[in-house]
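Participant: Handing over work15.cif, mmCIF, C-alpha atoms and all ligand atoms.
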```cif
data_data
loop_
_atom_site.group_PDB
_atom_site.id
_atom_site.type_symbol
_atom_site.label_atom_id
_atom_site.label_comp_id
_atom_site.auth_asym_id
_atom_site.auth_seq_id
_atom_site.Cartn_x
_atom_site.Cartn_y
_atom_site.Cartn_z
ATOM 1 C CA MET P 19 0.000 0.000 0.000
ATOM 2 C CA LYS P 20 2.826 2.382 0.849
ATOM 3 C CA ASN P 21 4.556 2.347 -2.546
ATOM 4 C CA ALA P 22 2.308 3.945 -5.142
ATOM 5 C CA PRO P 23 3.034 7.678 -5.385
ATOM 6 C CA VAL P 24 -0.180 9.550 -4.750
ATOM 7 C CA LEU P 25 1.301 12.994 -5.107
ATOM 8 C CA VAL P 26 4.398 14.184 -6.959
ATOM 9 C CA VAL P 27 5.576 17.796 -6.943
ATOM 10 C CA GLU P 28 8.415 18.696 -9.313
ATOM 11 C CA ASP P 29 10.257 22.024 -9.420
ATOM 12 C CA LEU P 30 7.347 24.036 -8.104
ATOM 13 C CA TYR P 31 7.846 27.799 -8.267
ATOM 14 C CA LYS P 32 5.209 30.352 -7.401
ATOM 15 C CA SER P 33 5.370 34.117 -7.093
ATOM 16 C CA TYR P 34 3.028 36.849 -5.936
ATOM 17 C CA ASP P 35 3.572 40.268 -7.481
ATOM 18 C CA GLY P 36 7.004 39.269 -8.729
ATOM 19 C CA MET P 37 8.150 37.928 -5.329
ATOM 20 C CA TYR P 38 8.888 34.196 -5.254
ATOM 21 C CA VAL P 39 7.304 32.410 -2.293
ATOM 22 C CA LEU P 40 7.982 28.861 -3.572
ATOM 23 C CA ASN P 41 11.507 28.349 -4.865
ATOM 24 C CA GLY P 42 11.692 24.881 -6.391
ATOM 25 C CA VAL P 43 9.728 22.483 -4.195
ATOM 26 C CA ASN P 44 10.175 18.773 -4.975
ATOM 27 C CA LEU P 45 8.440 15.965 -3.146
ATOM 28 C CA LYS P 46 6.891 12.564 -3.666
ATOM 29 C CA VAL P 47 4.271 11.144 -1.322
ATOM 30 C CA SER P 48 3.088 7.537 -1.173
ATOM 31 C CA SER P 49 -0.282 6.178 -0.136
ATOM 32 C CA GLY P 50 -0.717 5.616 3.575
ATOM 33 C CA GLU P 51 1.786 8.307 4.547
ATOM 34 C CA ILE P 52 1.083 11.004 7.118
ATOM 35 C CA ILE P 53 3.215 13.990 6.158
ATOM 36 C CA GLY P 54 3.792 16.693 8.746
ATOM 37 C CA TYR P 55 4.235 19.801 6.607
ATOM 38 C CA ILE P 56 5.795 22.474 8.772
ATOM 39 C CA GLY P 57 7.664 25.754 8.514
ATOM 40 C CA PRO P 58 7.763 29.326 9.838
ATOM 41 C CA ASN P 59 4.937 31.796 9.179
ATOM 42 C CA GLY P 60 5.065 32.829 5.536
ATOM 43 C CA ALA P 61 7.269 29.867 4.481
ATOM 44 C CA GLY P 62 4.823 28.908 1.736
ATOM 45 C CA LYS P 63 2.923 25.945 3.233
ATOM 46 C CA SER P 64 -0.604 27.161 2.491
ATOM 47 C CA THR P 65 0.517 28.329 -0.949
ATOM 48 C CA THR P 66 1.825 24.830 -1.770
ATOM 49 C CA VAL P 67 -1.443 23.294 -0.627
ATOM 50 C CA LYS P 68 -3.514 25.798 -2.636
ATOM 51 C CA VAL P 69 -1.524 24.987 -5.768
ATOM 52 C CA MET P 70 -1.960 21.238 -5.178
ATOM 53 C CA LEU P 71 -5.703 21.712 -4.702
ATOM 54 C CA GLY P 72 -5.925 23.461 -8.056
ATOM 55 C CA LEU P 73 -7.002 26.734 -6.430
ATOM 56 C CA THR P 74 -4.368 28.653 -8.344
ATOM 57 C CA GLU P 75 -3.077 27.849 -11.821
ATOM 58 C CA ASP P 76 -0.403 30.488 -11.863
ATOM 59 C CA TYR P 77 2.735 28.445 -11.065
ATOM 60 C CA THR P 78 5.603 26.727 -12.823
ATOM 61 C CA GLY P 79 6.583 23.103 -12.314
ATOM 62 C CA ARG P 80 4.552 19.943 -12.437
ATOM 63 C CA ILE P 81 2.097 18.457 -9.969
ATOM 64 C CA THR P 82 0.814 14.939 -10.407
ATOM 65 C CA ILE P 83 -1.990 13.625 -8.202
ATOM 66 C CA PHE P 84 -3.244 10.048 -8.635
ATOM 67 C CA ASN P 85 -1.028 9.843 -11.760
ATOM 68 C CA GLN P 86 -2.700 12.829 -13.380
ATOM 69 C CA ASP P 87 -1.069 16.177 -14.131
ATOM 70 C CA ILE P 88 -3.404 18.616 -12.398
ATOM 71 C CA ALA P 89 -2.830 21.127 -15.210
ATOM 72 C CA SER P 90 -4.455 18.711 -17.708
ATOM 73 C CA GLY P 91 -7.866 20.327 -17.250
ATOM 74 C CA ASP P 92 -9.462 17.132 -15.917
ATOM 75 C CA VAL P 93 -10.636 17.945 -12.376
ATOM 76 C CA ALA P 94 -11.754 14.385 -11.524
ATOM 77 C CA TYR P 95 -8.874 14.093 -9.047
ATOM 78 C CA LYS P 96 -10.551 16.702 -6.809
ATOM 79 C CA ARG P 97 -13.326 14.248 -5.926
ATOM 80 C CA ARG P 98 -10.751 12.104 -4.157
ATOM 81 C CA ILE P 99 -9.418 14.979 -2.048
ATOM 82 C CA GLY P 100 -10.588 16.269 1.335
ATOM 83 C CA TYR P 101 -9.493 19.652 2.672
ATOM 84 C CA VAL P 102 -9.663 21.489 5.973
ATOM 85 C CA PRO P 103 -8.440 25.049 5.326
ATOM 86 C CA GLU P 104 -6.628 27.120 7.924
ATOM 87 C CA THR P 105 -9.449 29.631 7.907
ATOM 88 C CA ALA P 106 -12.838 28.895 6.465
ATOM 89 C CA GLU P 107 -15.951 30.896 5.939
ATOM 90 C CA LEU P 108 -18.722 28.612 7.099
ATOM 91 C CA TYR P 109 -22.262 29.568 6.217
ATOM 92 C CA ASP P 110 -23.238 31.022 9.573
ATOM 93 C CA SER P 111 -26.931 31.155 8.833
ATOM 94 C CA LEU P 112 -27.082 27.394 8.140
ATOM 95 C CA THR P 113 -27.202 24.651 10.745
ATOM 96 C CA ALA P 114 -24.359 22.109 10.728
ATOM 97 C CA PHE P 115 -26.804 19.608 9.341
ATOM 98 C CA GLU P 116 -27.822 21.871 6.446
ATOM 99 C CA TYR P 117 -24.215 22.784 5.737
ATOM 100 C CA LEU P 118 -23.075 19.164 5.560
ATOM 101 C CA ARG P 119 -26.041 18.205 3.374
ATOM 102 C CA PHE P 120 -25.029 21.045 1.060
ATOM 103 C CA VAL P 121 -21.388 19.855 0.947
ATOM 104 C CA GLY P 122 -22.629 16.331 0.217
ATOM 105 C CA GLN P 123 -24.612 17.692 -2.731
ATOM 106 C CA LEU P 124 -21.507 19.419 -4.073
ATOM 107 C CA TYR P 125 -19.802 16.028 -4.136
ATOM 108 C CA GLY P 126 -22.823 14.482 -5.835
ATOM 109 C CA LEU P 127 -23.632 12.278 -2.832
ATOM 110 C CA GLN P 128 -27.153 10.953 -2.223
ATOM 111 C CA GLU P 129 -29.018 12.974 0.392
ATOM 112 C CA ASP P 130 -30.210 10.226 2.770
ATOM 113 C CA PRO P 131 -26.927 8.395 3.252
ATOM 114 C CA VAL P 132 -25.009 11.643 3.549
ATOM 115 C CA THR P 133 -27.262 13.124 6.245
ATOM 116 C CA SER P 134 -27.154 9.930 8.259
ATOM 117 C CA LYS P 135 -23.352 9.794 7.868
ATOM 118 C CA ALA P 136 -22.956 13.445 8.884
ATOM 119 C CA LYS P 137 -25.137 12.871 11.946
ATOM 120 C CA LYS P 138 -23.162 9.803 13.017
ATOM 121 C CA LEU P 139 -19.793 11.485 12.510
ATOM 122 C CA LEU P 140 -20.785 14.610 14.432
ATOM 123 C CA GLU P 141 -22.268 12.555 17.257
ATOM 124 C CA LEU P 142 -19.018 10.614 17.511
ATOM 125 C CA PHE P 143 -17.301 13.975 17.820
ATOM 126 C CA GLY P 144 -19.601 14.925 20.714
ATOM 127 C CA LEU P 145 -22.071 17.168 18.871
ATOM 128 C CA ASP P 146 -25.559 16.001 19.743
ATOM 129 C CA GLU P 147 -28.799 16.279 17.806
ATOM 130 C CA ASP P 148 -29.966 19.726 19.037
ATOM 131 C CA VAL P 149 -26.556 21.231 18.343
ATOM 132 C CA LEU P 150 -26.638 19.834 14.805
ATOM 133 C CA HIS P 151 -29.832 21.716 14.176
ATOM 134 C CA SER P 152 -28.695 25.049 15.564
ATOM 135 C CA ARG P 153 -27.100 27.728 13.431
ATOM 136 C CA ILE P 154 -23.350 27.621 12.920
ATOM 137 C CA SER P 155 -23.211 31.266 14.050
ATOM 138 C CA SER P 156 -23.842 30.016 17.616
ATOM 139 C CA TYR P 157 -20.949 27.515 17.514
ATOM 140 C CA SER P 158 -17.691 27.738 19.414
ATOM 141 C CA LYS P 159 -14.368 27.637 17.520
ATOM 142 C CA GLY P 160 -13.902 23.933 18.285
ATOM 143 C CA MET P 161 -17.442 23.044 17.183
ATOM 144 C CA ARG P 162 -16.885 24.803 13.855
ATOM 145 C CA GLN P 163 -13.635 22.936 13.434
ATOM 146 C CA LYS P 164 -15.414 19.618 13.997
ATOM 147 C CA VAL P 165 -17.932 20.510 11.273
ATOM 148 C CA LEU P 166 -15.046 21.319 8.903
ATOM 149 C CA ILE P 167 -13.283 18.043 9.667
ATOM 150 C CA VAL P 168 -16.480 16.066 9.071
ATOM 151 C CA SER P 169 -17.180 17.975 5.839
ATOM 152 C CA SER P 170 -13.714 17.076 4.521
ATOM 153 C CA LEU P 171 -14.374 13.367 5.056
ATOM 154 C CA LEU P 172 -17.999 12.938 3.922
ATOM 155 C CA HIS P 173 -17.007 11.633 0.475
ATOM 156 C CA ASN P 174 -14.419 9.193 1.864
ATOM 157 C CA PRO P 175 -11.439 10.841 0.094
ATOM 158 C CA ASP P 176 -8.078 9.171 -0.516
ATOM 159 C CA LEU P 177 -5.924 12.260 -0.065
ATOM 160 C CA LEU P 178 -6.419 14.706 2.777
ATOM 161 C CA PHE P 179 -5.014 18.176 3.288
ATOM 162 C CA PHE P 180 -5.390 19.430 6.834
ATOM 163 C CA ASP P 181 -4.262 22.980 7.657
ATOM 164 C CA GLU P 182 -4.283 23.532 11.464
ATOM 165 C CA PRO P 183 -7.215 21.101 11.801
ATOM 166 C CA ILE P 184 -7.162 20.860 15.584
ATOM 167 C CA SER P 185 -7.179 24.559 16.387
ATOM 168 C CA GLY P 186 -9.856 25.042 19.022
ATOM 169 C CA LEU P 187 -10.396 21.313 19.694
ATOM 170 C CA ASP P 188 -10.333 20.255 23.340
ATOM 171 C CA ALA P 189 -7.791 17.689 24.546
ATOM 172 C CA ASN P 190 -10.240 14.766 24.335
ATOM 173 C CA SER P 191 -11.243 15.636 20.781
ATOM 174 C CA VAL P 192 -7.568 15.943 19.808
ATOM 175 C CA MET P 193 -6.976 12.419 21.098
ATOM 176 C CA ILE P 194 -9.886 11.117 19.010
ATOM 177 C CA PHE P 195 -8.654 13.022 15.956
ATOM 178 C CA LYS P 196 -5.115 11.641 16.242
ATOM 179 C CA GLU P 197 -6.539 8.104 16.362
ATOM 180 C CA ILE P 198 -8.727 8.871 13.334
ATOM 181 C CA LEU P 199 -5.657 10.015 11.365
ATOM 182 C CA SER P 200 -3.737 6.913 12.212
ATOM 183 C CA ALA P 201 -6.693 4.640 11.296
ATOM 184 C CA LEU P 202 -7.241 6.467 7.985
ATOM 185 C CA ALA P 203 -3.548 6.157 7.108
ATOM 186 C CA SER P 204 -3.539 2.455 7.902
ATOM 187 C CA GLN P 205 -6.360 2.100 5.349
ATOM 188 C CA GLY P 206 -4.067 3.633 2.727
ATOM 189 C CA LYS P 207 -5.321 7.217 2.891
ATOM 190 C CA THR P 208 -2.637 9.852 2.469
ATOM 191 C CA ILE P 209 -2.587 12.803 4.839
ATOM 192 C CA PHE P 210 -0.820 16.114 4.387
ATOM 193 C CA TYR P 211 -0.886 17.732 7.806
ATOM 194 C CA SER P 212 0.180 21.336 8.250
ATOM 195 C CA SER P 213 0.430 22.763 11.747
ATOM 196 C CA HIS P 214 2.474 24.809 14.183
ATOM 197 C CA ILE P 215 1.669 22.470 17.085
ATOM 198 C CA MET P 216 4.995 20.665 17.023
ATOM 199 C CA ASP P 217 4.377 17.982 19.629
ATOM 200 C CA VAL P 218 1.323 16.726 17.715
ATOM 201 C CA VAL P 219 3.191 16.799 14.387
ATOM 202 C CA GLU P 220 6.075 14.918 15.997
ATOM 203 C CA LYS P 221 3.744 12.189 17.281
ATOM 204 C CA ILE P 222 1.470 11.627 14.295
ATOM 205 C CA SER P 223 3.760 12.067 11.277
ATOM 206 C CA HIS P 224 5.464 9.211 9.480
ATOM 207 C CA ARG P 225 7.517 11.815 7.700
ATOM 208 C CA ILE P 226 8.203 15.487 8.360
ATOM 209 C CA ILE P 227 8.819 18.021 5.614
ATOM 210 C CA LEU P 228 10.157 21.387 6.754
ATOM 211 C CA LEU P 229 9.738 24.320 4.409
ATOM 212 C CA ASN P 230 11.726 27.517 4.912
ATOM 213 C CA GLU P 231 11.506 30.518 2.554
ATOM 214 C CA GLY P 232 9.848 28.377 -0.094
ATOM 215 C CA ARG P 233 12.451 25.591 -0.028
ATOM 216 C CA ILE P 234 12.418 22.164 1.599
ATOM 217 C CA VAL P 235 15.200 22.144 4.189
ATOM 218 C CA ALA P 236 14.432 18.772 5.803
ATOM 219 C CA ASP P 237 12.501 15.689 4.717
ATOM 220 C CA GLY P 238 12.399 12.477 6.724
ATOM 221 C CA SER P 239 10.979 10.708 9.750
ATOM 222 C CA PHE P 240 11.426 12.394 13.127
ATOM 223 C CA GLU P 241 13.993 9.723 13.994
ATOM 224 C CA ALA P 242 15.843 10.352 10.702
ATOM 225 C CA LEU P 243 15.957 14.095 11.408
ATOM 226 C CA GLN P 244 17.393 13.369 14.842
ATOM 227 C CA ALA P 245 19.915 10.927 13.370
ATOM 228 C CA LYS P 246 21.163 13.670 11.017
ATOM 229 C CA GLY P 247 22.526 15.522 13.983
ATOM 230 C CA GLN P 248 19.473 17.582 14.879
ATOM 231 C CA GLN P 249 18.848 17.200 18.569
ATOM 232 C CA GLY P 250 15.867 17.277 20.886
ATOM 233 C CA SER P 251 12.175 17.681 20.250
ATOM 234 C CA LEU P 252 10.694 18.652 16.889
ATOM 235 C CA GLU P 253 10.326 22.177 18.241
ATOM 236 C CA GLU P 254 14.068 22.317 18.882
ATOM 237 C CA ILE P 255 14.885 20.755 15.505
ATOM 238 C CA PHE P 256 12.609 23.354 13.885
ATOM 239 C CA ASN P 257 14.563 26.153 15.641
ATOM 240 C CA GLN P 258 17.900 24.697 14.525
ATOM 241 C CA LEU P 259 16.908 24.138 10.901
ATOM 242 C CA THR P 260 15.370 27.570 10.518
ATOM 243 C CA GLY P 261 18.432 29.152 12.140
ATOM 244 C CA PHE P 262 16.424 30.673 14.971
ATOM 245 C CA ASP P 263 17.849 30.984 18.468
ATOM 246 C CA ARG P 264 16.757 34.461 19.575
ATOM 247 C CA HIS P 265 13.498 33.593 21.369
ATOM 248 C CA ARG P 266 14.798 34.585 24.814
ATOM 249 C CA ASP P 267 16.279 37.903 23.616
ATOM 250 C CA ILE P 268 13.126 38.782 21.702
ATOM 251 C CA ALA P 269 10.893 37.912 24.667
ATOM 252 C CA GLN P 270 13.010 40.087 26.974
ATOM 253 C CA ASP P 271 12.906 43.014 24.520
ATOM 254 C CA PHE P 272 9.159 42.546 24.173
ATOM 255 C CA VAL P 273 8.525 42.621 27.908
ATOM 256 C CA ALA P 274 10.821 45.670 28.220
ATOM 257 C CA VAL P 275 8.646 47.521 25.709
ATOM 258 C CA VAL P 276 5.475 46.407 27.534
ATOM 259 C CA GLN P 277 6.893 48.007 30.698
ATOM 260 C CA GLU P 278 7.631 51.343 28.995
ATOM 261 C CA VAL P 279 4.549 53.231 30.241
HETATM 262 N N1 LIG P 301 -2.848 35.999 -2.205
HETATM 263 C C1 LIG P 301 -1.622 36.437 -1.909
HETATM 264 N N2 LIG P 301 -1.148 37.585 -2.419
HETATM 265 C C2 LIG P 301 0.101 38.040 -2.139
HETATM 266 N N3 LIG P 301 0.957 37.377 -1.327
HETATM 267 C C3 LIG P 301 0.535 36.240 -0.785
HETATM 268 C C4 LIG P 301 -0.766 35.704 -1.026
HETATM 269 N N4 LIG P 301 -0.898 34.540 -0.337
HETATM 270 C C5 LIG P 301 0.266 34.357 0.312
HETATM 271 N N5 LIG P 301 1.122 35.361 0.048
HETATM 272 C C6 LIG P 301 2.497 35.497 0.560
HETATM 273 O O1 LIG P 301 3.168 34.290 0.286
HETATM 274 C C7 LIG P 301 4.039 33.944 1.367
HETATM 275 C C8 LIG P 301 3.722 32.524 1.817
HETATM 276 O O2 LIG P 301 2.419 32.535 2.419
HETATM 277 P P1 LIG P 301 1.730 31.189 2.935
HETATM 278 O O3 LIG P 301 0.360 31.569 3.375
HETATM 279 O O4 LIG P 301 1.868 30.130 1.908
HETATM 280 O O5 LIG P 301 2.663 30.841 4.165
HETATM 281 P P2 LIG P 301 2.463 29.732 5.289
HETATM 282 O O6 LIG P 301 3.732 28.943 5.332
HETATM 283 O O7 LIG P 301 1.218 28.969 5.059
HETATM 284 O O8 LIG P 301 2.368 30.645 6.588
HETATM 285 P P3 LIG P 301 1.541 30.475 7.972
HETATM 286 O O9 LIG P 301 2.308 29.489 8.787
HETATM 287 O O10 LIG P 301 1.616 31.846 8.568
HETATM 288 O O11 LIG P 301 0.148 30.042 7.647
HETATM 289 C C9 LIG P 301 3.845 35.009 2.429
HETATM 290 O O12 LIG P 301 4.890 35.955 2.293
HETATM 291 C C10 LIG P 301 2.513 35.650 2.073
HETATM 292 O O13 LIG P 301 2.503 37.016 2.417
#
```
Just give me the structure of the file as structure tokens.
Ligand SMILES: Nc1ncnc2c1ncn2[C@@H]1O[C@H](COP(=O)(O)OP(=O)(O)OP(=O)(O)O)[C@@H](O)[C@H]1O
Facilitator:
Amino acid sequence: MKNAPVLVVEDLYKSYDGMYVLNGVNLKVSSGEIIGYIGPNGAGKSTTVKVMLGLTEDYTGRITIFNQDIASGDVAYKRRIGYVPETAELYDSLTAFEYLRFVGQLYGLQEDPVTSKAKKLLELFGLDEDVLHSRISSYSKGMRQKVLIVSSLLHNPDLLFFDEPISGLDANSVMIFKEILSALASQGKTIFYSSHIMDVVEKISHRIILLNEGRIVADGSFEALQAKGQQGSLEEIFNQLTGFDRHRDIAQDFVAVVQEV
């Protein structure tokens, strides 16, 4: 299961207003892999994901998903992808139930099975029947995030892109979600997981890809990164590979400014 490449990115370059934010990204991902895709703010993670999702066509390089060049014009590959964006506009005036039924329709799913599936998935995530039928505008951050996670999985996709999926989830829900990821991967689903929560990335990822200034600066399992001479936790490895060691100085300067009044 782990051999077939699901996703291949070759020499990906992308600029905004003449400024390059992706500077030759190359990677190959096999089915069943959980990729922790990490990097500093502005490194280009969301941009890479947007290009892979076909949300922007203005790039150079080649992206192949399920053996199909995504620039071919055939968008069939998108039906096999699930996505939780970093920030999402949910339809606040809809209930979770209505929203998920709507998403199901977009994927061409039959109404009855999809509503029953949505209900079961949300219940498993701790959202009971009356919550399902209340407007999303009344939801907490974590409840919205659960709706987004469920909406990304309704059509049983083979390739998942999660951008900060657990932001706002309580500790119990995070534990459930981590187990879900591992079970999905063991069924051969491929997961691209982007987050700044390093201890979770360290635990769930089979492979970690670190992007810095639009370039991949590390690619391997956590153990492989450690074996290459990077020491400590993923957070510490992240600091070393991005050449950052000024956190104490910056914090002291910050607090000094806070005290200025
Ligand atoms: N639509 C856009 N127009 C202009 N510049 C953009 C646009 N989207 C992203 N950028 C720029 O591209 C760079 C990479 O942004 P991107 O959102 O991919 O980073 P990221 O690694 O996902 O960061 P974060 O961890 O903060 O989410 C940043 O400098 C950002 O300002």
Participant: Compute the set of protein, DNA and RNA residues whose minimum atom distance to ligand LIG 301 (chain P) is at most 6 Å, using all atoms listed in the file, and state it as an MDAnalysis selection string.
Facilitator: chainID P and resid 34 39 57:65
Participant: Take the residues from that selection and put them in a file with C-alpha atoms, as a short mmCIF file (atom, residue, chain, number, x, y, z; two decimals), keeping the file's coordinate frame.
Facilitator:
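selection.cif written:
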```cif
data_model
loop_
_atom_site.label_atom_id
_atom_site.label_comp_id
_atom_site.auth_asym_id
_atom_site.auth_seq_id
_atom_site.Cartn_x
_atom_site.Cartn_y
_atom_site.Cartn_z
CA TYR P 34 3.03 36.85 -5.94
CA VAL P 39 7.30 32.41 -2.29
CA GLY P 57 7.66 25.75 8.51
CA PRO P 58 7.76 29.33 9.84
CA ASN P 59 4.94 31.80 9.18
CA GLY P 60 5.07 32.83 5.54
CA ALA P 61 7.27 29.87 4.48
CA GLY P 62 4.82 28.91 1.74
CA LYS P 63 2.92 25.94 3.23
CA SER P 64 -0.60 27.16 2.49
CA THR P 65 0.52 28.33 -0.95
#
```
Participant: Pick out the residues sitting within 9 Å of Val218 (chain P), and hand them over as a VMD selection string; count all atoms listed in the file, and ignore anything fewer than 5 positions along from it in its own chain.
Facilitator: chain P and resid 196 213 223
Participant: Pick the closest to Gly100 (chain P) from P:Phe180, P:Phe195, P:Phe262, P:Tyr38: which is it, counting only C-alpha atoms?
Facilitator: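 Counting only C-alpha atoms, the residue closest to Gly100 (chain P) is P:Phe180.
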Participant: To one decimal in Å, tell me the separation between CA of Ser239 (chain P) and CA of Gly186 (chain P).
Facilitator: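 That distance, rounded to one decimal, is 26.9 Å.
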Participant: Give me the residues within 12 Å of Ala94 (chain P) as a count of residues only, counting all atoms listed in the file and dropping any in the same chain fewer than 3 places off.
Facilitator: 15
Participant: Report the distance between CA of Pro183 (chain P) and CA of Gln128 (chain P) in Å, rounded to one decimal place.
Facilitator: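 CA of Gln128 (chain P) lies 26.4 Å from CA of Pro183 (chain P).
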Participant: On this file, the PyMOL selection byres (((chain P and resi 160-170) around 6) and not hetatm) gives some set of residues; write that set as a count of residues only.
Facilitator: 9
Participant: Rounded to one decimal, what separation in Å do you get between CA of Arg233 (chain P) and CA of Leu40 (chain P)?
Facilitator: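 Answer for the CA of Arg233 (chain P) to CA of Leu40 (chain P) separation: 6.6 Å.
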Participant: Kindly indicate which residue among P:Gln258, P:Ser111, P:Ser33, P:Gln205 lies nearest to Asn174 (chain P), using only C-alpha atoms for the distances.
Facilitator: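 Smallest distance to Asn174 (chain P) is found for P:Gln205.
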Participant: Give me region 152-167 of chain P from this structure - C-alpha atoms, as a compact mmCIF listing (two decimals), in the first residue's frame.
Facilitator:
```
# COMPACT_ATOMS: atom_id res chain seq x y z
CA SER P 152 -28.70 25.05 15.56
CA ARG P 153 -27.10 27.73 13.43
CA ILE P 154 -23.35 27.62 12.92
CA SER P 155 -23.21 31.27 14.05
CA SER P 156 -23.84 30.02 17.62
CA TYR P 157 -20.95 27.52 17.51
CA SER P 158 -17.69 27.74 19.41
CA LYS P 159 -14.37 27.64 17.52
CA GLY P 160 -13.90 23.93 18.29
CA MET P 161 -17.44 23.04 17.18
CA ARG P 162 -16.89 24.80 13.85
CA GLN P 163 -13.63 22.94 13.43
CA LYS P 164 -15.41 19.62 14.00
CA VAL P 165 -17.93 20.51 11.27
CA LEU P 166 -15.05 21.32 8.90
CA ILE P 167 -13.28 18.04 9.67
```
